[in-house]
Amino acid sequence: MIRILVTLWDGGGNVAPILGLSSELTARGHEVRVLADRSLAASVAAGGAGHAPWTTAPQRSSPDPATEFIRDYEARTSFGQVGRIRDRLIAGPADRFFVDTRSEIERFGPDVILVENLLFGAQVAAEASAVPFASIVPNVYPGRTAGVPPF
């Protein structure tokens, strides 16, 4: 058995694959803690993992659409949508995702960390901790890969 810390944000399509992975790891006897939005607490628990909420990073407090903090659907252009994701999730609050992830690493003491790919601050915290980690891409991979059509 190993202790696994998983980081996740409530972005819709990224949730089911990561919670499915967390559930499978728990079923295999590992101790899994998911650092995620409060809106995901019940779903995390249903899969058998422990839940820790973000404390300073932006998050959804409930499944109610009014708690959505990126609101990319309000942008008038696709560039505007990408800008909102960049500013409200990837880069803007990266320091807060870093702080929360670093604190949870210290509290939980994981053997490995699995980080959702858009949480750059969480990835930096994992790298800084020297705990082995992997970035999870639960959707279409945006990078260039031989033999795979572009995003």
# chains A, B, ... in the order shown; residues from 1 in each chain; ligands from 1

call {"tool": "residues_around", "arguments": {"residues": "Arg107 (chain A)", "least_positions_apart": "5", "cutoff": "12 Å", "atoms": "only C-alpha atoms", "output": "list in words"}}
result
Arg3, Leu5, Arg33, Leu35, Ala52, Asp100, Thr101 and Arg102 of chain A

call {"tool": "residues_around", "arguments": {"residues": "Ala36 (chain A)", "least_positions_apart": "2", "cutoff": "10 Å", "atoms": "only C-alpha atoms", "output": "JSON, numbers by chain"}}
result
{"A": [6, 7, 8, 9, 10, 15, 33, 34, 38, 39, 40, 41, 44, 51, 52, 53, 54, 55, 57, 59, 60]}

call {"tool": "residues_around", "arguments": {"residues": "Gly48 (chain A)", "least_positions_apart": "5", "cutoff": "12 Å", "atoms": "only C-alpha atoms", "output": "PyMOL selection string"}}
result
chain A and resi 19-34+41-43

call {"tool": "residues_around", "arguments": {"residues": "region 75-88 of chain A", "least_positions_apart": "3", "cutoff": "12 Å", "atoms": "only C-alpha atoms", "output": "number ranges by chain"}}
result
A: 9, 11, 57-59, 68-72, 91-97, 118-120

call {"tool": "write_last_selection", "arguments": {"atoms": "N, CA and C atoms", "output": "PDB file, in the first residue's frame"}}
result
ATOM      1  N   TRP A   9      -9.576  19.852  -9.887  1.00  0.00           N
ATOM      2  CA  TRP A   9     -10.493  20.999  -9.831  1.00  0.00           C
ATOM      3  C   TRP A   9     -11.787  20.582 -10.511  1.00  0.00           C
ATOM      4  N   GLY A  11     -13.915  20.894 -13.051  1.00  0.00           N
ATOM      5  CA  GLY A  11     -14.051  21.472 -14.380  1.00  0.00           C
ATOM      6  C   GLY A  11     -14.993  20.713 -15.289  1.00  0.00           C
ATOM      7  N   ALA A  57      -6.919  28.351  -2.850  1.00  0.00           N
ATOM      8  CA  ALA A  57      -7.120  28.341  -4.296  1.00  0.00           C
ATOM      9  C   ALA A  57      -8.605  28.498  -4.632  1.00  0.00           C
ATOM     10  N   PRO A  58      -8.901  29.035  -5.808  1.00  0.00           N
ATOM     11  CA  PRO A  58     -10.306  29.169  -6.195  1.00  0.00           C
ATOM     12  C   PRO A  58     -10.938  27.786  -6.350  1.00  0.00           C
ATOM     13  N   GLN A  59     -12.219  27.715  -6.053  1.00  0.00           N
ATOM     14  CA  GLN A  59     -12.916  26.435  -6.153  1.00  0.00           C
ATOM     15  C   GLN A  59     -14.406  26.659  -6.178  1.00  0.00           C
ATOM     16  N   GLU A  68     -19.493  28.513 -10.403  1.00  0.00           N
ATOM     17  CA  GLU A  68     -18.446  28.371 -11.412  1.00  0.00           C
ATOM     18  C   GLU A  68     -17.574  29.629 -11.385  1.00  0.00           C
ATOM     19  N   PHE A  69     -16.260  29.480 -11.235  1.00  0.00           N
ATOM     20  CA  PHE A  69     -15.390  30.652 -11.119  1.00  0.00           C
ATOM     21  C   PHE A  69     -14.671  31.029 -12.413  1.00  0.00           C
ATOM     22  N   ILE A  70     -14.597  30.149 -13.377  1.00  0.00           N
ATOM     23  CA  ILE A  70     -13.934  30.506 -14.639  1.00  0.00           C
ATOM     24  C   ILE A  70     -14.896  31.238 -15.557  1.00  0.00           C
ATOM     25  N   ARG A  71     -16.100  30.727 -15.676  1.00  0.00           N
ATOM     26  CA  ARG A  71     -17.163  31.321 -16.468  1.00  0.00           C
ATOM     27  C   ARG A  71     -16.719  31.598 -17.911  1.00  0.00           C
ATOM     28  N   ASP A  72     -16.009  30.626 -18.492  1.00  0.00           N
ATOM     29  CA  ASP A  72     -15.518  30.790 -19.855  1.00  0.00           C
ATOM     30  C   ASP A  72     -16.659  30.936 -20.862  1.00  0.00           C
ATOM     31  N   ALA A  91      -2.723  30.161 -14.662  1.00  0.00           N
ATOM     32  CA  ALA A  91      -1.630  31.052 -14.248  1.00  0.00           C
ATOM     33  C   ALA A  91      -2.002  31.991 -13.107  1.00  0.00           C
ATOM     34  N   GLY A  92      -3.149  32.640 -13.213  1.00  0.00           N
ATOM     35  CA  GLY A  92      -3.527  33.641 -12.210  1.00  0.00           C
ATOM     36  C   GLY A  92      -3.440  33.153 -10.776  1.00  0.00           C
ATOM     37  N   PRO A  93      -4.097  32.041 -10.435  1.00  0.00           N
ATOM     38  CA  PRO A  93      -4.068  31.550  -9.056  1.00  0.00           C
ATOM     39  C   PRO A  93      -3.020  30.451  -8.813  1.00  0.00           C
ATOM     40  N   ALA A  94      -2.037  30.313  -9.696  1.00  0.00           N
ATOM     41  CA  ALA A  94      -1.050  29.232  -9.549  1.00  0.00           C
ATOM     42  C   ALA A  94      -0.371  29.261  -8.186  1.00  0.00           C
ATOM     43  N   ASP A  95      -0.111  30.460  -7.677  1.00  0.00           N
ATOM     44  CA  ASP A  95       0.555  30.546  -6.365  1.00  0.00           C
ATOM     45  C   ASP A  95      -0.327  29.979  -5.257  1.00  0.00           C
ATOM     46  N   ARG A  96      -1.640  30.135  -5.377  1.00  0.00           N
ATOM     47  CA  ARG A  96      -2.546  29.603  -4.343  1.00  0.00           C
ATOM     48  C   ARG A  96      -2.687  28.090  -4.449  1.00  0.00           C
ATOM     49  N   PHE A  97      -2.700  27.553  -5.670  1.00  0.00           N
ATOM     50  CA  PHE A  97      -2.694  26.097  -5.826  1.00  0.00           C
ATOM     51  C   PHE A  97      -1.386  25.524  -5.289  1.00  0.00           C
ATOM     52  N   LEU A 118      -3.869  20.929 -15.679  1.00  0.00           N
ATOM     53  CA  LEU A 118      -4.033  22.387 -15.732  1.00  0.00           C
ATOM     54  C   LEU A 118      -3.670  23.077 -14.422  1.00  0.00           C
ATOM     55  N   LEU A 119      -3.356  22.316 -13.401  1.00  0.00           N
ATOM     56  CA  LEU A 119      -3.025  22.899 -12.099  1.00  0.00           C
ATOM     57  C   LEU A 119      -1.504  23.082 -11.991  1.00  0.00           C
ATOM     58  N   PHE A 120      -1.000  24.094 -12.699  1.00  0.00           N
ATOM     59  CA  PHE A 120       0.444  24.320 -12.755  1.00  0.00           C
ATOM     60  C   PHE A 120       1.052  24.562 -11.385  1.00  0.00           C
TER      61      PHE A 120
END
